[in-house]
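J.: Supplied in structure tokens, the structure appears directly below.
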Amino acid sequence: MLTVEKLEIRYGEVEAVRRVDLAIARNQIVALVGANGAGKSSTLGAIAGLIPAVAGKVVLDGQDITGMAAELIARKGMALVPEGRRIFPALTVADNLRLGGAMHLPAQEAKQRQEEMLDLFPVLRRYLRVKGGNLSGGEQQMLAIARALMSKPKLLLLDEPSLGLAPQMIDVVFDLIADLRRTGLTVLLVEQNVALALEIADHATVLANGEIVLSGTARELADSDLVRQAYLGA
Amino acid sequence: MIMQQVINAISLGGVYALLALGLAIVFSIVGLINFAHGELMTISGYSLLAMLLLGCPFPLAVMVALCSAAIAALLMERVAFRPMRGASVTSLLLTSFAVSSLLKVVLQNGISARPQAIAMPGWMTGAFSFGDMTVGVGPAISISVSIVALLALELFLRKSVTGTAMRAAAQDFDVVRLMGIPASRIIATAFVLSGLLAGLAAMLWVAQRASVDPMMGFTPVLKAFIAAVVGGLGSLPGAVAGGLLLGIIEVALQASLPPALAPFKDAMVLSGVVLILLVRPNGLIPAIQAQRS
């Protein structure tokens with residue numbers, strides 16, 4: 001569904017990402033893990049079209065989308081839930097959701113989709129008229145995911161969904177990601193919490209200093225010495 | 001007498017509010033303080049003059065004048081600001097100064113540096129009685145137009161998808177693009193709205209003075225800029241509050257100051273602005289921006 005070849009990203013002189021390859025098959029959960037500053041978010045940003053890549057290729061469903069504007073990529077069935085949630089704090093929950101589907105669905109279908117999202121995230125229903133900024137961190141994460149799902153994406157990119165959430169909330173969010181996959185969604189998950197990511201992912205890739213150091217099935221990675229020593233603290 | 005001053009104050013404040021709103025809308029979306037906003041007023045005023053000279057009926061001439069301001073705003077974005085997208089606030093500010101000076105010189109040399117009289121329809125200079133007070137038709141129209149424009153803008157920003165996306169873009173533009181909403185559409189709409197608001201303000205300004213000149217936009221837009229800063233730069237409710245407040249203070253000082261102190265009116269207004277900013281550095285109603293983690 002998505003392949004990334006030899007992706008390279010620079011911020012001025014600094015090489016943030018070097019020769020990163022990724023391949024995600026339909027209905028898989030692939031995790032991109034690594035420490036803070038390893039280049040995970042930059043990789044996601046480049047896939048979604050927010051950050052220009054210096055070199056490399058991004059192909060979605062057989063179509064080369066390298067260098068395409070973020071708003072066009074979004075209309076090809078890719079949705080990114082950015083790091084730190086980045087909901088619109090001064091907009092109501094209803095308006096946040098509305099924008100998520102505005103370009104993808106006709107008004108009637110968007111209404112119906114919003115109902116589906118409220119069934120999936122019942123906490124949001126009470127807050128429809130509340131400004132997004134007044135929600136708790138966990139509720140904002142729900143809203144950010146619901147907003148992305150409004151567009152009925154084929155591929156969901158999640159950037160650090162566990163960041164800043166209480167432990168029970170993290171479980172809720174990760175159960176939800178596993179549930180979403182069962183409905184046919186493909187997920188690319190970026191996580192600093194490696195143990196958590198390996199629990200739900202099929203495949204995983206470990207990034208360090210902008211380069212891939214290890215790649216394989218989640219099982220293989222969880223058992224590898226490098227991951228156990230460097231990330232799982234075993 | 002006091003009632004008349006109140007009406008004058010609201011009418012002047014309304015014009016400042018429309019202008020400040022135009023500045024705030026563009027600033028909230030692209031981070032540009034458009035000093036060429038005054039030239040949008042001027043262009044609108046000269047379009048009105050041209051249409052009337054061509055023998056166009058008054059309402060049609062006003063429509064053309066409003067549209068020409070909107071088109072001029074759109075062109076400014078295309079020609080001058082789009083190539084500068086992503087540049088620093090200072091570069092954008094300098095670009096807008098360049099656009100402003102260029103247009104002023106073109107109007108001064110191309111038409112005339114002198115004011116040109118505009119014949120306003122007779123009914124606009126009249127007055128009507130309301131109970132035992134007399135209200136000028138001009139200020140009454142000015143207040144009604146401002147109120148209708150504010151309500152229409154509010155409705156657009158709340159109800160339409162593009163309006164909602166504009167409010168969202170003021171908080172986090174990149175995420176709006178992630179929703180598949182084209183950045184260029186949002187920016188173009190912001191400029192068209194600011195142009196329409198400048199055009200409306202120009203019509204109200206010209207109605208009070210019955211003339212246009214190449215510098216006509218300078219003073220009101222400078223005041224509107226002050227109003228936008230006092231209200232909270234980039235905040236739309238702040239722009240309206242700042243505009244009204246500035247209008248009220250100006251008229252109050254004009255009415256109450258003894259003639260000897262009258263020349264100090266602007267100095268007093270600006271001292272008041274400094275005081276407000278000392279207490280509330282982000283303005284009366286600060287803009288809300290998403291915090292990035």
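Labels for the structure tokens follow display order: chains A, B, ..., residues from 1 in each chain, ligands from 1.
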Find the residues around region 142-150 of chain A up to 9 Å (only C-alpha atoms counted), leave out those fewer than 3 positions away in its own chain, and share them as number ranges by chain.
T.: A: 78-82, 85-87, 93, 96-102, 104-105, 110, 113-114, 116-118, 120-121, 123-124, 132, 137-139, 153, 156, 158, 161, 173; B: 178-179
J.: Report as a CSV table (one decimal) with N, CA and C atoms, in the first residue's frame all protein, DNA and RNA residues lying within 10 Å of region 149-162 of chain B, evaluated on only C-alpha atoms, omitting residues in the same chain fewer than 3 positions from it.
T.:
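Result went into result.csv, see below:
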chain,number,residue,atom,x,y,z
A,91,LEU,N,-11.7,25.7,18.3
A,91,LEU,CA,-12.9,25.3,17.6
A,91,LEU,C,-13.6,24.2,18.4
A,95,ASP,N,-16.8,21.2,15.2
A,95,ASP,CA,-16.1,21.8,14.1
A,95,ASP,C,-14.8,21.1,13.7
A,98,ARG,N,-15.8,18.2,11.8
A,98,ARG,CA,-16.4,18.6,10.5
A,98,ARG,C,-15.2,18.9,9.5
A,99,LEU,N,-14.2,19.6,9.9
A,99,LEU,CA,-13.1,19.9,9.0
A,99,LEU,C,-12.4,18.6,8.5
A,102,ALA,N,-14.5,17.4,5.6
A,102,ALA,CA,-15.1,18.4,4.8
A,102,ALA,C,-14.7,18.2,3.3
A,103,MET,N,-13.5,17.8,3.0
A,103,MET,CA,-13.0,17.8,1.6
A,103,MET,C,-13.3,16.4,1.0
B,14,GLY,N,-16.9,52.0,14.0
B,14,GLY,CA,-17.3,50.9,13.1
B,14,GLY,C,-16.4,50.8,11.9
B,17,ALA,N,-13.2,49.4,12.9
B,17,ALA,CA,-13.4,48.0,13.2
B,17,ALA,C,-13.3,47.2,11.9
B,18,LEU,N,-14.0,47.7,10.8
B,18,LEU,CA,-14.0,47.0,9.5
B,18,LEU,C,-12.6,46.9,9.0
B,21,LEU,N,-10.4,44.6,11.2
B,21,LEU,CA,-10.8,43.2,10.9
B,21,LEU,C,-10.1,42.7,9.7
B,143,ILE,N,-23.3,53.0,10.6
B,143,ILE,CA,-23.5,52.1,11.7
B,143,ILE,C,-24.2,50.8,11.2
B,144,SER,N,-25.2,51.0,10.4
B,144,SER,CA,-26.0,49.8,9.9
B,144,SER,C,-25.1,48.9,9.0
B,145,VAL,N,-24.3,49.6,8.1
B,145,VAL,CA,-23.4,48.8,7.2
B,145,VAL,C,-22.4,48.0,8.1
B,146,SER,N,-21.8,48.7,9.1
B,146,SER,CA,-20.8,48.0,9.9
B,146,SER,C,-21.4,46.8,10.6
B,165,ALA,N,-12.6,26.5,8.3
B,165,ALA,CA,-11.2,26.2,8.0
B,165,ALA,C,-10.3,27.4,8.2
B,166,MET,N,-10.8,28.6,8.0
B,166,MET,CA,-10.0,29.8,8.2
B,166,MET,C,-9.7,30.0,9.7
B,167,ARG,N,-10.8,29.8,10.5
B,167,ARG,CA,-10.5,29.9,11.9
B,167,ARG,C,-9.5,28.9,12.4
B,168,ALA,N,-9.6,27.7,11.8
B,168,ALA,CA,-8.7,26.6,12.1
B,168,ALA,C,-7.3,27.0,11.7
B,181,ILE,N,-7.6,20.4,2.9
B,181,ILE,CA,-8.2,21.7,2.5
B,181,ILE,C,-7.1,22.6,1.9
B,182,PRO,N,-7.2,23.0,0.7
B,182,PRO,CA,-6.1,23.7,0.0
B,182,PRO,C,-5.7,25.0,0.6
B,185,ARG,N,-6.7,28.2,-1.3
B,185,ARG,CA,-8.1,28.6,-1.2
B,185,ARG,C,-8.3,29.5,0.1
B,186,ILE,N,-7.7,29.0,1.2
B,186,ILE,CA,-7.9,29.8,2.5
B,186,ILE,C,-7.2,31.1,2.4
B,189,THR,N,-9.2,33.5,0.1
B,189,THR,CA,-10.5,33.9,0.8
B,189,THR,C,-10.1,35.0,1.8
B,190,ALA,N,-9.0,34.8,2.5
B,190,ALA,CA,-8.7,35.8,3.5
B,190,ALA,C,-8.4,37.2,2.8
B,193,LEU,N,-11.8,38.7,1.6
B,193,LEU,CA,-12.5,39.3,2.7
B,193,LEU,C,-11.9,40.6,3.1
B,196,LEU,N,-12.8,43.2,0.6
B,196,LEU,CA,-14.2,43.7,0.7
B,196,LEU,C,-14.4,44.6,1.9
B,197,LEU,N,-13.8,44.2,3.0
B,197,LEU,CA,-13.9,45.1,4.3
B,197,LEU,C,-13.3,46.4,4.0
B,200,LEU,N,-15.7,48.4,1.8
B,200,LEU,CA,-16.8,48.9,2.6
B,200,LEU,C,-16.4,50.1,3.4
B,236,LEU,N,-9.9,38.4,15.8
B,236,LEU,CA,-11.0,39.1,15.2
B,236,LEU,C,-11.9,39.8,16.1
B,237,PRO,N,-12.3,39.2,17.2
B,237,PRO,CA,-13.1,39.9,18.2
B,237,PRO,C,-12.3,41.1,18.7
B,240,VAL,N,-12.4,44.1,16.4
B,240,VAL,CA,-13.7,44.9,16.5
B,240,VAL,C,-13.7,45.7,17.7
J.: With only C-alpha atoms as the atoms that count, which of B:Ala183, B:Leu12, B:Leu102, B:Met215 lies nearest to chain A?
T.: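 Ranking B:Ala183, B:Leu12, B:Leu102, B:Met215 by distance to chain A, first place goes to B:Ala183.
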J.: Can you work out which residues from chain A touch chain B at a cut-off of 6 Å (counting only C-alpha atoms) and hand them back as an MDAnalysis selection string?
T.: chainID A and resid 70:71 74:75 84 88 100
J.: Got a sec: who's within 6 Å of Ala16 (chain A), counting only C-alpha atoms, leaving out chain neighbours fewer than 4 positions off, as a ChimeraX atom specification?
T.: /A:9-10,39,210
J.: For the selection you just gave me, I'd like the residues written to a file as a compact mmCIF listing (two decimals), in the first residue's frame, keeping N, CA and C atoms.
T.:
# COMPACT_ATOMS: atom_id res chain seq x y z
N ILE A 9 16.05 13.46 4.31
CA ILE A 9 15.52 14.77 4.72
C ILE A 9 16.63 15.57 5.38
N ARG A 10 16.70 16.84 5.03
CA ARG A 10 17.70 17.72 5.63
C ARG A 10 17.02 18.95 6.19
N GLY A 39 14.42 10.76 13.94
CA GLY A 39 13.97 11.07 12.59
C GLY A 39 12.61 10.47 12.26
N GLY A 210 18.60 8.97 12.40
CA GLY A 210 18.16 9.17 11.02
C GLY A 210 18.38 7.97 10.11
J.: Report as a list in words all protein, DNA and RNA residues lying within 9 Å of region 176-182 of chain A, evaluated on only C-alpha atoms, omitting residues in the same chain fewer than 2 positions from it.
T.: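 What passes the distance filter is Asn27, Gln28, Ile29, Leu120, Asp171, Val172, Val173, Phe174, Gly184, Leu185, Thr186, Val187, Ile200 and Ala201 of chain A.
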J.: Find the spatial neighbours of Gly37 (chain A), counting only C-alpha atoms, within a cut-off of 10 Å - ignore same-chain residues fewer than 2 positions away - and output them as a ChimeraX atom specification.
T.: /A:16,34-35,39-42,192,207-210
J.: Please dump the current selection as an mmCIF file, in the first residue's frame; keep C-alpha atoms.
T.:
data_model
loop_
_atom_site.group_PDB
_atom_site.id
_atom_site.type_symbol
_atom_site.label_atom_id
_atom_site.label_comp_id
_atom_site.auth_asym_id
_atom_site.auth_seq_id
_atom_site.Cartn_x
_atom_site.Cartn_y
_atom_site.Cartn_z
ATOM 1 C CA ALA A 16 17.679 14.343 9.737
ATOM 2 C CA GLY A 34 13.368 4.818 18.062
ATOM 3 C CA ALA A 35 14.577 7.422 20.530
ATOM 4 C CA GLY A 39 13.971 11.067 12.589
ATOM 5 C CA LYS A 40 10.621 9.310 13.030
ATOM 6 C CA SER A 41 8.394 12.374 12.895
ATOM 7 C CA SER A 42 10.401 13.825 10.000
ATOM 8 C CA GLN A 192 8.928 6.196 21.388
ATOM 9 C CA LEU A 207 15.515 4.254 13.540
ATOM 10 C CA ALA A 208 18.579 5.755 15.215
ATOM 11 C CA ASN A 209 20.209 9.030 14.202
ATOM 12 C CA GLY A 210 18.162 9.166 11.020
#
J.: State, in Å with one decimal place, the distance from CA of Pro139 (chain B) to CA of Trp123 (chain B).
T.: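 According to the coordinates, CA of Pro139 (chain B) and CA of Trp123 (chain B) are separated by 12.5 Å.
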J.: Using backbone DSSP assignments, extract all strand (DSSP E or B) residues from region 108-279 of chain B; output them as a list of chain:residue names.
T.: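 Secondary structure check on region 108-279 of chain B, strand (DSSP E or B): B:Gln116, B:Ala117, B:Ala127, B:Phe128, B:Ser129, B:Phe130, B:Met133, B:Thr134, B:Val135, B:Gly136, B:Ser211, B:Val212.
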J.: Given the selection you just returned, output its residues as a file containing N, CA and C atoms, formatted as a PDB file, in the first residue's frame.
T.:
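Writing the result to result-v3.pdb gives the following:
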ATOM      1  N   GLN B 116     -10.018  64.584  -5.442  1.00  0.00           N
ATOM      2  CA  GLN B 116     -11.065  64.714  -6.460  1.00  0.00           C
ATOM      3  C   GLN B 116     -12.411  64.643  -5.736  1.00  0.00           C
ATOM      4  N   ALA B 117     -13.284  65.569  -6.084  1.00  0.00           N
ATOM      5  CA  ALA B 117     -14.589  65.585  -5.425  1.00  0.00           C
ATOM      6  C   ALA B 117     -15.450  64.439  -5.956  1.00  0.00           C
ATOM      7  N   ALA B 127     -30.609  64.418   7.189  1.00  0.00           N
ATOM      8  CA  ALA B 127     -30.739  63.971   8.567  1.00  0.00           C
ATOM      9  C   ALA B 127     -32.200  63.638   8.819  1.00  0.00           C
ATOM     10  N   PHE B 128     -32.444  62.809   9.819  1.00  0.00           N
ATOM     11  CA  PHE B 128     -33.844  62.543  10.157  1.00  0.00           C
ATOM     12  C   PHE B 128     -34.003  62.637  11.669  1.00  0.00           C
ATOM     13  N   SER B 129     -35.248  62.866  12.085  1.00  0.00           N
ATOM     14  CA  SER B 129     -35.505  63.018  13.516  1.00  0.00           C
ATOM     15  C   SER B 129     -35.919  61.689  14.104  1.00  0.00           C
ATOM     16  N   PHE B 130     -35.422  61.462  15.281  1.00  0.00           N
ATOM     17  CA  PHE B 130     -35.698  60.216  15.979  1.00  0.00           C
ATOM     18  C   PHE B 130     -36.073  60.645  17.388  1.00  0.00           C
ATOM     19  N   MET B 133     -34.322  63.855  18.868  1.00  0.00           N
ATOM     20  CA  MET B 133     -32.949  64.118  18.421  1.00  0.00           C
ATOM     21  C   MET B 133     -32.830  63.933  16.903  1.00  0.00           C
ATOM     22  N   THR B 134     -31.819  64.585  16.350  1.00  0.00           N
ATOM     23  CA  THR B 134     -31.609  64.530  14.915  1.00  0.00           C
ATOM     24  C   THR B 134     -30.427  63.603  14.635  1.00  0.00           C
ATOM     25  N   VAL B 135     -30.646  62.667  13.722  1.00  0.00           N
ATOM     26  CA  VAL B 135     -29.581  61.727  13.387  1.00  0.00           C
ATOM     27  C   VAL B 135     -29.204  61.941  11.922  1.00  0.00           C
ATOM     28  N   GLY B 136     -27.904  62.080  11.656  1.00  0.00           N
ATOM     29  CA  GLY B 136     -27.443  62.219  10.269  1.00  0.00           C
ATOM     30  C   GLY B 136     -27.649  60.905   9.523  1.00  0.00           C
ATOM     31  N   SER B 211     -14.823  63.175  -1.094  1.00  0.00           N
ATOM     32  CA  SER B 211     -13.689  63.309  -2.010  1.00  0.00           C
ATOM     33  C   SER B 211     -12.751  62.116  -1.847  1.00  0.00           C
ATOM     34  N   VAL B 212     -11.924  61.907  -2.886  1.00  0.00           N
ATOM     35  CA  VAL B 212     -10.895  60.865  -2.786  1.00  0.00           C
ATOM     36  C   VAL B 212      -9.542  61.477  -3.125  1.00  0.00           C
TER      37      VAL B 212
END
J.: Which distance in Å separates CA of Met216 (chain B) and CA of Ser47 (chain B), to one decimal?
T.: 13.4 Å
J.: Please, what distance in Å, to one decimal, runs between CA of Ser136 (chain A) and CA of Met169 (chain A)?
T.: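 Computed distance, CA of Ser136 (chain A) to CA of Met169 (chain A), equals 10.6 Å.
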J.: Which residues are near Ala31 (chain A)? Cut-off 8 Å, only C-alpha atoms, ignore same chain within fewer than 3 positions. Put them as a PDB file with N, CA and C atoms, in the first residue's frame.
T.:
ATOM      1  N   LEU A 188       0.424   3.176  10.008  1.00  0.00           N
ATOM      2  CA  LEU A 188       1.848   3.384  10.238  1.00  0.00           C
ATOM      3  C   LEU A 188       1.975   4.150  11.544  1.00  0.00           C
ATOM      4  N   LEU A 189       2.601   3.496  12.504  1.00  0.00           N
ATOM      5  CA  LEU A 189       2.622   4.024  13.862  1.00  0.00           C
ATOM      6  C   LEU A 189       4.040   4.436  14.235  1.00  0.00           C
ATOM      7  N   VAL A 190       4.194   5.681  14.673  1.00  0.00           N
ATOM      8  CA  VAL A 190       5.478   6.131  15.184  1.00  0.00           C
ATOM      9  C   VAL A 190       5.390   6.170  16.696  1.00  0.00           C
ATOM     10  N   GLU A 191       6.327   5.538  17.378  1.00  0.00           N
ATOM     11  CA  GLU A 191       6.262   5.482  18.841  1.00  0.00           C
ATOM     12  C   GLU A 191       7.656   5.526  19.474  1.00  0.00           C
ATOM     13  N   ALA A 197       4.568  -0.381  21.169  1.00  0.00           N
ATOM     14  CA  ALA A 197       4.405  -0.438  19.718  1.00  0.00           C
ATOM     15  C   ALA A 197       4.566  -1.874  19.221  1.00  0.00           C
ATOM     16  N   LEU A 198       5.540  -2.597  19.770  1.00  0.00           N
ATOM     17  CA  LEU A 198       5.792  -3.963  19.300  1.00  0.00           C
ATOM     18  C   LEU A 198       4.644  -4.888  19.671  1.00  0.00           C
ATOM     19  N   ALA A 201       2.069  -4.158  16.681  1.00  0.00           N
ATOM     20  CA  ALA A 201       2.512  -4.067  15.284  1.00  0.00           C
ATOM     21  C   ALA A 201       2.774  -5.444  14.686  1.00  0.00           C
ATOM     22  N   ASP A 202       2.663  -5.519  13.338  1.00  0.00           N
ATOM     23  CA  ASP A 202       3.071  -6.729  12.633  1.00  0.00           C
ATOM     24  C   ASP A 202       4.560  -6.646  12.318  1.00  0.00           C
ATOM     25  N   HIS A 203       4.922  -5.501  11.746  1.00  0.00           N
ATOM     26  CA  HIS A 203       6.312  -5.268  11.397  1.00  0.00           C
ATOM     27  C   HIS A 203       6.783  -4.019  12.114  1.00  0.00           C
ATOM     28  N   ALA A 204       8.111  -3.942  12.290  1.00  0.00           N
ATOM     29  CA  ALA A 204       8.640  -2.745  12.917  1.00  0.00           C
ATOM     30  C   ALA A 204       9.999  -2.411  12.338  1.00  0.00           C
ATOM     31  N   THR A 205      10.296  -1.112  12.377  1.00  0.00           N
ATOM     32  CA  THR A 205      11.587  -0.638  11.904  1.00  0.00           C
ATOM     33  C   THR A 205      12.151   0.257  13.000  1.00  0.00           C
TER      34      THR A 205
END
J.: Give the alpha helix (DSSP H) residues of region 101-160 of chain B, as assigned by DSSP on the backbone, as a ChimeraX atom specification.
T.: /B:101-110,137-159
J.: Using the selection just defined, write its residues with C-alpha atoms as a PDB file, in the first residue's frame.
T.:
ATOM      1  CA  SER B 101       4.386  53.059  -1.903  1.00  0.00           C
ATOM      2  CA  LEU B 102       4.201  51.759  -5.448  1.00  0.00           C
ATOM      3  CA  LEU B 103       0.424  52.085  -5.619  1.00  0.00           C
ATOM      4  CA  LYS B 104       0.507  55.549  -4.015  1.00  0.00           C
ATOM      5  CA  VAL B 105       2.994  56.810  -6.596  1.00  0.00           C
ATOM      6  CA  VAL B 106       1.012  55.266  -9.451  1.00  0.00           C
ATOM      7  CA  LEU B 107      -2.155  56.994  -8.256  1.00  0.00           C
ATOM      8  CA  GLN B 108      -0.385  60.322  -7.622  1.00  0.00           C
ATOM      9  CA  ASN B 109       1.306  60.426 -11.018  1.00  0.00           C
ATOM     10  CA  GLY B 110      -1.317  58.585 -12.998  1.00  0.00           C
ATOM     11  CA  VAL B 137     -28.236  59.780   7.464  1.00  0.00           C
ATOM     12  CA  GLY B 138     -24.480  59.282   6.915  1.00  0.00           C
ATOM     13  CA  PRO B 139     -23.646  58.017  10.427  1.00  0.00           C
ATOM     14  CA  ALA B 140     -26.840  55.963  10.517  1.00  0.00           C
ATOM     15  CA  ILE B 141     -25.884  54.201   7.263  1.00  0.00           C
ATOM     16  CA  SER B 142     -22.338  53.786   8.501  1.00  0.00           C
ATOM     17  CA  ILE B 143     -23.465  52.061  11.690  1.00  0.00           C
ATOM     18  CA  SER B 144     -25.957  49.802   9.894  1.00  0.00           C
ATOM     19  CA  VAL B 145     -23.427  48.781   7.235  1.00  0.00           C
ATOM     20  CA  SER B 146     -20.826  47.965   9.891  1.00  0.00           C
ATOM     21  CA  ILE B 147     -23.288  45.862  11.871  1.00  0.00           C
ATOM     22  CA  VAL B 148     -24.511  43.963   8.806  1.00  0.00           C
ATOM     23  CA  ALA B 149     -20.915  43.361   7.634  1.00  0.00           C
ATOM     24  CA  LEU B 150     -19.866  42.068  11.056  1.00  0.00           C
ATOM     25  CA  LEU B 151     -22.864  39.730  11.265  1.00  0.00           C
ATOM     26  CA  ALA B 152     -22.331  38.434   7.736  1.00  0.00           C
ATOM     27  CA  LEU B 153     -18.642  37.790   8.446  1.00  0.00           C
ATOM     28  CA  GLU B 154     -19.472  36.041  11.709  1.00  0.00           C
ATOM     29  CA  LEU B 155     -22.012  33.848   9.943  1.00  0.00           C
ATOM     30  CA  PHE B 156     -19.522  32.987   7.197  1.00  0.00           C
ATOM     31  CA  LEU B 157     -16.760  32.107   9.662  1.00  0.00           C
ATOM     32  CA  ARG B 158     -19.072  29.974  11.837  1.00  0.00           C
ATOM     33  CA  LYS B 159     -21.246  28.183   9.322  1.00  0.00           C
TER      34      LYS B 159
END
J.: Out of B:Met268, B:Gln254, B:Ala207, B:Leu246, which residue has the shortest atom-to-atom distance to Ala227 (chain B) when counting only C-alpha atoms?
T.: B:Leu246
J.: As a short mmCIF file (atom, residue, chain, number, x, y, z; two decimals) with N, CA and C atoms, in the first residue's frame, please: the residues near Thr92 (chain A) (cut-off 6 Å, only C-alpha atoms, same-chain neighbours under 4 positions excluded).
T.:
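The resulting file, around_5.cif, is shown below:
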data_model
loop_
_atom_site.label_atom_id
_atom_site.label_comp_id
_atom_site.auth_asym_id
_atom_site.auth_seq_id
_atom_site.Cartn_x
_atom_site.Cartn_y
_atom_site.Cartn_z
N ARG A 129 -20.18 20.55 21.67
CA ARG A 129 -20.21 22.02 21.61
C ARG A 129 -19.09 22.66 22.45
N VAL A 130 -18.21 21.81 22.99
CA VAL A 130 -17.12 22.32 23.83
C VAL A 130 -15.90 22.58 22.96
N LYS A 131 -15.14 23.62 23.30
CA LYS A 131 -13.92 23.88 22.54
C LYS A 131 -12.88 22.79 22.78
N GLY A 132 -12.21 22.38 21.70
CA GLY A 132 -11.25 21.30 21.77
C GLY A 132 -10.17 21.52 22.83
#
